[in-house]
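query25.csv, holding CSV, C-alpha atoms and all ligand atoms:
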chain,number,residue,atom,x,y,z
A,10,MET,CA,203.9,86.8,83.8
A,11,ASP,CA,200.6,88.0,82.4
A,12,ASP,CA,200.9,91.8,82.7
A,13,ARG,CA,197.8,92.5,80.7
A,14,PRO,CA,195.3,94.8,82.3
A,15,LYS,CA,192.6,93.0,84.3
A,16,ALA,CA,189.0,93.4,83.3
A,17,ALA,CA,186.5,93.6,86.1
A,18,SER,CA,184.1,91.1,84.5
A,19,GLY,CA,181.9,88.8,86.5
A,20,SER,CA,183.1,85.4,87.4
A,21,ALA,CA,180.7,82.5,86.9
A,22,GLU,CA,181.7,81.2,90.3
A,23,THR,CA,180.2,84.2,92.1
A,24,LEU,CA,177.0,84.4,90.1
A,25,PRO,CA,173.7,82.8,91.1
A,26,MET,CA,173.2,79.6,89.1
A,27,ALA,CA,169.9,78.2,87.8
A,28,GLU,CA,168.2,75.8,90.2
A,29,PRO,CA,169.2,72.2,90.0
A,30,ASP,CA,166.6,70.0,88.4
A,31,PRO,CA,165.0,67.9,91.2
A,32,SER,CA,164.4,65.0,88.9
A,33,GLY,CA,168.1,64.5,88.4
A,34,GLU,CA,170.6,65.7,85.9
A,35,ARG,CA,169.3,66.7,82.6
A,36,ILE,CA,170.7,64.9,79.5
A,37,VAL,CA,172.7,67.3,77.4
A,38,VAL,CA,172.8,66.3,73.7
A,39,LYS,CA,175.4,68.6,72.1
A,40,SER,CA,174.5,70.8,69.1
A,41,ALA,CA,175.9,69.8,65.8
A,42,LEU,CA,178.4,72.6,66.0
A,43,ALA,CA,179.8,71.2,69.2
A,44,SER,CA,179.9,67.6,68.1
A,45,LEU,CA,180.9,67.7,64.4
A,46,GLY,CA,184.3,66.3,63.9
A,47,THR,CA,184.2,64.1,67.0
A,48,PRO,CA,183.1,60.5,67.5
A,49,GLU,CA,180.3,61.8,69.7
A,50,HIS,CA,178.6,63.3,66.7
A,51,PHE,CA,177.4,59.8,65.7
A,52,THR,CA,176.6,58.5,69.2
A,53,LYS,CA,175.0,61.5,70.8
A,54,TYR,CA,171.4,60.2,70.5
A,55,ASP,CA,172.2,56.8,71.9
A,56,SER,CA,171.5,57.9,75.5
A,57,ILE,CA,167.9,59.0,74.6
A,58,VAL,CA,166.8,56.5,72.1
A,59,PRO,CA,164.3,55.0,72.4
A,60,THR,CA,162.7,57.9,74.3
A,61,SER,CA,160.2,55.5,75.8
A,62,GLN,CA,163.1,54.3,78.1
A,63,LEU,CA,163.8,57.8,79.5
A,64,GLY,CA,161.5,57.6,82.5
A,65,ASP,CA,162.0,60.6,84.8
A,66,ARG,CA,165.3,61.6,83.1
A,67,LYS,CA,164.7,64.3,80.6
A,68,VAL,CA,166.8,66.3,78.1
A,69,MET,CA,168.1,69.8,78.8
A,70,MET,CA,165.4,72.4,78.2
A,71,GLY,CA,165.2,75.8,79.9
A,72,ASP,CA,167.5,77.2,82.6
A,73,ASP,CA,170.7,75.2,82.7
A,74,PRO,CA,172.0,74.5,86.2
A,75,ALA,CA,175.6,74.7,84.8
A,76,LEU,CA,175.2,78.3,83.9
A,77,PRO,CA,174.4,81.6,85.8
A,78,LYS,CA,170.7,82.3,85.7
A,79,MET,CA,169.6,85.0,83.3
A,80,SER,CA,166.9,87.5,84.2
A,81,ALA,CA,163.6,87.6,82.2
A,82,ALA,CA,164.7,90.7,80.3
A,83,PRO,CA,168.5,90.6,80.0
A,84,ASN,CA,170.4,93.5,78.8
A,85,LEU,CA,173.8,93.7,77.2
A,86,PHE,CA,175.6,94.1,80.5
A,87,GLU,CA,174.0,90.8,81.7
A,88,PHE,CA,175.3,88.9,78.7
A,89,PHE,CA,178.8,90.3,79.4
A,90,GLU,CA,178.6,89.2,83.0
A,91,LYS,CA,176.9,85.8,82.7
A,92,ARG,CA,177.6,84.5,79.2
A,93,LEU,CA,180.6,86.0,77.5
A,94,HIS,CA,184.0,84.4,78.1
A,95,PRO,CA,186.1,86.5,80.5
A,96,HIS,CA,189.2,86.4,78.5
A,97,THR,CA,187.5,87.7,75.4
A,98,VAL,CA,185.6,90.2,77.4
A,99,ASN,CA,188.9,91.4,78.8
A,100,HIS,CA,190.2,91.7,75.2
A,101,MET,CA,187.2,93.7,74.0
A,102,LEU,CA,187.4,96.0,77.0
A,103,GLN,CA,191.1,96.7,76.4
A,104,SER,CA,190.4,97.3,72.7
A,105,ALA,CA,187.6,99.8,73.5
A,106,HIS,CA,189.7,101.5,76.1
A,107,LEU,CA,192.6,101.9,73.6
A,108,ALA,CA,190.1,103.3,71.0
A,109,LEU,CA,188.7,105.7,73.6
A,110,THR,CA,192.1,107.0,74.7
A,111,SER,CA,193.2,107.3,71.0
A,112,GLY,CA,190.3,109.7,70.3
A,113,VAL,CA,188.1,107.3,68.4
A,114,ASP,CA,184.4,108.5,68.4
A,115,GLU,CA,181.8,106.8,70.5
A,116,LYS,CA,180.4,104.6,67.7
A,117,GLY,CA,183.9,103.4,67.0
A,118,VAL,CA,184.5,102.6,70.7
A,119,LEU,CA,181.3,100.6,70.8
A,120,ALA,CA,182.4,98.7,67.7
A,121,CYS,CA,185.6,97.8,69.5
A,122,LEU,CA,183.7,96.8,72.6
A,123,LEU,CA,181.6,94.4,70.7
A,124,HIS,CA,183.9,93.3,67.9
A,125,ASP,CA,184.6,89.7,69.1
A,126,ILE,CA,181.2,89.2,70.9
A,127,ALA,CA,180.6,86.1,68.8
A,128,VAL,CA,183.9,84.5,69.9
A,129,ALA,CA,183.0,85.3,73.5
A,130,GLY,CA,179.5,83.8,73.5
A,131,LEU,CA,178.3,82.3,70.3
A,132,ILE,CA,180.5,80.9,67.5
A,133,SER,CA,184.2,81.4,66.7
A,134,GLY,CA,184.3,80.5,63.1
A,135,ASP,CA,183.4,83.5,60.9
A,136,HIS,CA,183.0,85.5,64.1
A,137,GLY,CA,182.9,88.9,62.4
A,138,TYR,CA,179.8,87.8,60.4
A,139,TRP,CA,178.0,86.2,63.4
A,140,GLY,CA,178.8,89.1,65.7
A,141,ALA,CA,177.7,91.7,63.2
A,142,GLN,CA,174.4,89.9,62.6
A,143,LEU,CA,173.8,89.5,66.4
A,144,ILE,CA,174.1,93.2,67.1
A,145,GLU,CA,172.7,94.6,63.8
A,146,PRO,CA,169.2,95.4,65.1
A,147,TYR,CA,170.6,97.4,68.0
A,148,VAL,CA,173.5,99.5,66.6
A,149,ASP,CA,174.1,101.9,63.8
A,150,GLU,CA,174.6,100.2,60.5
A,151,GLU,CA,178.2,101.2,60.2
A,152,VAL,CA,179.0,99.7,63.6
A,153,ALA,CA,177.7,96.3,62.5
A,154,TRP,CA,179.5,96.7,59.2
A,155,ALA,CA,182.8,97.3,60.9
A,156,VAL,CA,182.4,94.3,63.2
A,157,ARG,CA,181.6,92.1,60.1
A,158,TYR,CA,184.6,93.2,58.1
A,159,HIS,CA,187.2,93.5,60.8
A,160,GLN,CA,187.5,89.7,60.5
A,161,ALA,CA,188.9,89.9,57.0
A,162,LEU,CA,190.9,93.1,57.5
A,163,ARG,CA,192.9,91.5,60.3
A,164,PHE,CA,194.7,89.4,57.6
A,165,PHE,CA,195.8,92.4,55.6
A,166,PRO,CA,198.3,95.0,56.6
A,167,ASP,CA,197.7,98.7,56.1
A,168,PRO,CA,201.0,100.6,56.5
A,169,SER,CA,199.1,104.0,56.2
A,170,VAL,CA,197.7,103.4,59.7
A,171,GLY,CA,200.6,101.4,61.0
A,172,TYR,CA,198.7,98.1,61.0
A,173,ASP,CA,200.9,95.0,60.3
A,174,TYR,CA,200.0,91.4,59.9
A,175,PRO,CA,199.5,90.2,63.5
A,176,GLN,CA,202.3,88.2,65.0
A,177,VAL,CA,199.6,86.4,67.0
A,178,TYR,CA,198.2,85.0,63.7
A,179,ILE,CA,201.7,83.7,62.8
A,180,ASP,CA,201.8,82.1,66.2
A,181,LEU,CA,198.3,80.6,65.9
A,182,PHE,CA,198.1,79.7,62.2
A,183,GLY,CA,201.7,79.3,61.1
A,184,GLU,CA,203.9,81.3,58.6
A,185,ASP,CA,202.4,79.6,55.6
A,186,TYR,CA,198.7,80.1,56.4
A,187,ARG,CA,196.7,81.9,53.8
A,188,PRO,CA,193.0,82.8,54.3
A,189,GLU,CA,190.2,81.3,52.2
A,190,PRO,CA,189.3,83.1,49.0
A,191,TYR,CA,186.2,84.5,50.5
A,192,ILE,CA,188.3,86.5,53.0
A,193,TYR,CA,190.3,88.0,50.1
A,194,ALA,CA,187.0,88.9,48.4
A,195,ALA,CA,185.7,90.5,51.6
A,196,TYR,CA,188.9,92.4,52.0
A,197,ASP,CA,188.7,93.7,48.4
A,198,TYR,CA,185.1,94.8,49.0
A,199,ALA,CA,185.8,96.4,52.3
A,200,ARG,CA,189.0,98.2,51.1
A,201,ASN,CA,186.9,100.1,48.6
A,202,HIS,CA,183.9,100.8,50.9
A,203,LYS,CA,183.1,104.2,52.4
A,204,TRP,CA,183.2,102.6,55.9
A,205,TYR,CA,186.6,101.0,55.4
A,206,GLY,CA,188.1,103.2,58.0
A,207,ARG,CA,185.6,102.0,60.6
A,208,ALA,CA,186.5,98.4,60.2
A,209,ARG,CA,190.2,99.2,59.9
A,210,MET,CA,190.0,101.2,63.1
A,211,ILE,CA,188.9,98.0,64.9
A,212,THR,CA,192.0,96.1,63.7
A,213,VAL,CA,194.3,99.0,64.8
A,214,ASN,CA,192.8,98.6,68.3
A,215,ASP,CA,192.6,94.8,68.2
A,216,LEU,CA,195.5,94.4,70.6
A,217,TYR,CA,196.0,92.4,73.8
A,218,SER,CA,198.6,94.3,75.7
A,219,PHE,CA,198.9,98.1,75.7
A,220,ALA,CA,198.5,99.4,79.3
A,221,PRO,CA,200.0,97.1,81.9
A,222,ASN,CA,198.5,97.4,85.4
A,223,SER,CA,195.5,99.4,84.2
A,224,THR,CA,192.0,98.1,85.0
A,225,VAL,CA,189.3,98.4,82.4
A,226,LYS,CA,185.7,97.8,83.5
A,227,LEU,CA,182.5,97.5,81.5
A,228,ASP,CA,181.1,100.3,83.7
A,229,ASP,CA,183.5,102.7,82.0
A,230,PHE,CA,181.4,102.3,78.9
A,231,THR,CA,178.0,102.6,80.4
A,232,ASP,CA,177.3,106.0,78.9
A,233,ILE,CA,178.5,105.0,75.4
A,234,ILE,CA,176.4,101.8,75.5
A,235,GLY,CA,173.4,103.8,76.7
A,236,ARG,CA,173.8,106.3,73.8
A,237,HIS,CA,174.6,103.9,71.0
A,238,PHE,CA,173.2,100.4,71.8
A,239,ARG,CA,169.4,100.2,71.5
A,240,GLN,CA,168.6,98.0,74.4
A,241,PRO,CA,165.1,96.5,73.9
A,242,LYS,CA,162.8,96.9,76.8
A,243,GLU,CA,161.6,93.2,76.4
A,244,GLY,CA,165.2,92.1,76.9
A,245,LEU,CA,167.7,90.7,74.3
A,246,GLY,CA,166.2,87.5,73.1
A,247,PHE,CA,162.6,88.5,73.6
A,248,ASP,CA,162.0,91.5,71.4
A,249,ASN,CA,161.1,89.6,68.3
A,250,SER,CA,164.0,91.2,66.4
A,251,PRO,CA,165.5,89.3,63.4
A,252,THR,CA,168.3,88.1,65.7
A,253,ALA,CA,166.4,87.5,69.0
A,254,HIS,CA,166.9,83.8,68.5
A,255,MET,CA,170.7,84.2,68.5
A,256,TRP,CA,170.5,85.9,71.9
A,257,ARG,CA,168.2,83.1,73.2
A,258,THR,CA,170.7,80.5,72.0
A,259,MET,CA,173.2,82.2,74.3
A,260,ILE,CA,170.8,82.2,77.2
A,261,TRP,CA,170.0,78.5,76.7
A,262,PRO,CA,173.0,77.2,74.7
A,263,ARG,CA,172.5,73.5,75.6
A,264,ASN,CA,168.8,73.2,75.0
A,265,PHE,CA,167.8,70.1,73.1
A,266,LEU,CA,165.7,72.1,70.7
B,1,FE,FE,188.1,89.5,65.8
B,2,FE,FE,189.8,91.0,68.7

Please go through the file and, once you have read it, give me the structure as structure tokens.
Amino acid sequence: MDDRPKAASGSAETLPMAEPDPSGERIVVKSALASLGTPEHFTKYDSIVPTSQLGDRKVMMGDDPALPKMSAAPNLFEFFEKRLHPHTVNHMLQSAHLALTSGVDEKGVLACLLHDIAVAGLISGDHGYWGAQLIEPYVDEEVAWAVRYHQALRFFPDPSVGYDYPQVYIDLFGEDYRPEPYIYAAYDYARNHKWYGRARMITVNDLYSFAPNSTVKLDDFTDIIGRHFRQPKEGLGFDNSPTAHMWRTMIWPRNFL
């Protein structure tokens, strides 16, 4: 039985979806990241070439009828509700809750709340780096730094804070798995950095089961987000920040271009 605390995140089934395209279903051509390693990678343009044959059928651009419609100026809460995967949202909420109840300061709680945001809504591989970059314009430097390096630190125990190599990694990767050399290098760098404790703190709170039957809601962190996440008034994706395009890609993940 799954006795993990339940997050009160939005379900895609209850959210308003984008309007269906009256001209018929849009043709979705997967991004390289989604098609690499599959036979589809080499055939995905077959359905649109030559383009002169398309007629009224068009490729996916703009609001995707398969996804909840985003507002014109979405904030972080809206991404949590409409784009981030509920399982990972639940995990991040639990992590932030554990940090909060353990006495971690507000910036640390925010780091826990966002630490796997790339897994939840963008790209899993190298998720610490993608996640850090995504949030960098909107959080304190050390919060983004901690998100970046928690990925490497997860592979390395630190008995001084009671952090062991995760059993879940043995389950997922096998007993014999060893990270790539760049992860060792990142660990060595982070281990000697003044903010090591920040990233290590994320790993200490990076757990899935700690408080059965408790409910953790994003609303519980409204004040902390308000104080430490610089929400742009134009909306995430439209503020011309260096990572606005990454938020737009989450809004329109299946756009042709
Ligand atoms: Fe992570
Ligand atoms: Fe995590």

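Atom CA of A:Tyr196 is found 13.1 Å from atom CA of A:Val156.
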
Contact check, chain A to ligand FE 2 (chain B), at most 7 Å, counting all atoms listed in the file, closest pairs as CSV:
residue,atom,partner,partner_atom,distance
A:His100,CA,B:FE2,FE,6.5
A:Met101,CA,B:FE2,FE,6.5
A:His124,CA,B:FE2,FE,6.4
A:Asp125,CA,B:FE2,FE,5.4
A:Asp215,CA,B:FE2,FE,4.7
A:Leu216,CA,B:FE2,FE,6.9

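Minimum atom-to-atom distances from A:Asn84, A:Glu34, A:Met79, A:Thr52 to A:Thr231 were compared using all atoms listed in the file, and the lowest value belongs to A:Asn84.
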
I want to know what sits within 7 Å of A:Gly244, based on all atoms listed in the file, with residues of the same chain fewer than 4 positions away left out; could you give that as an MDAnalysis selection string? chainID A and resid 82:84 248

What residues have any atom no more than 12 Å from ligand FE 1 (chain B) when counting all atoms listed in the file, and can you list them as number ranges by chain? A: 97-98, 100-101, 104, 120-129, 132-141, 155-164, 175, 177-178, 208-209, 211-217

Using all atoms listed in the file, which residues of stretch 91-199 of chain A come within 7 Å of stretch 249-265 of chain A, and what is the closest atom pair for each, with the distance in Å to one decimal? Give it as a Markdown table, sorted by chain and residue number.
| residue | atom | partner | partner_atom | distance |
| --- | --- | --- | --- | --- |
| A:Arg92 | CA | A:Met259 | CA | 7.0 |
| A:Gly130 | CA | A:Met259 | CA | 6.5 |
| A:Leu131 | CA | A:Met259 | CA | 6.5 |
| A:Leu143 | CA | A:Thr252 | CA | 5.7 |
| A:Pro146 | CA | A:Ser250 | CA | 6.8 |

If you count only C-alpha atoms, which residues fall within 10 Å of A:Ala81, apart from same-chain ones fewer than 4 positions away, as a ChimeraX atom specification? /A:243-247

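Of the residues listed (A:Val113, A:Val152, A:Met26, A:Leu102), A:Leu102 shows the shortest atom-to-atom separation from A:Thr224; distances use all atoms listed in the file.
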
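Between atom CA of A:Ile36 and atom CA of A:Pro59 there is a distance of 13.8 Å.
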
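Shortest separation to A:Lys116 among A:Asp65, A:Asp72, A:Asp55, A:Asp232 occurs at residue A:Asp232, atoms counted being only C-alpha atoms.
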
Distance in Å - atom CA of A:Gln240 versus atom CA of A:Tyr147: 6.7 Å

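Closest to A:Met210 among A:Pro188, A:Gly183, A:Gly171, A:Gly46 is A:Gly171, based on all atoms listed in the file.
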
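Proximity ranking of A:Glu150, A:Ala108, A:Ser40, A:Arg66 relative to A:Phe238 places A:Glu150 first, based on all atoms listed in the file.
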
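Shortest atom-to-atom contact with A:Met70 among A:Arg200, A:Val38, A:Glu115, A:Arg187: A:Val38, counting only C-alpha atoms.
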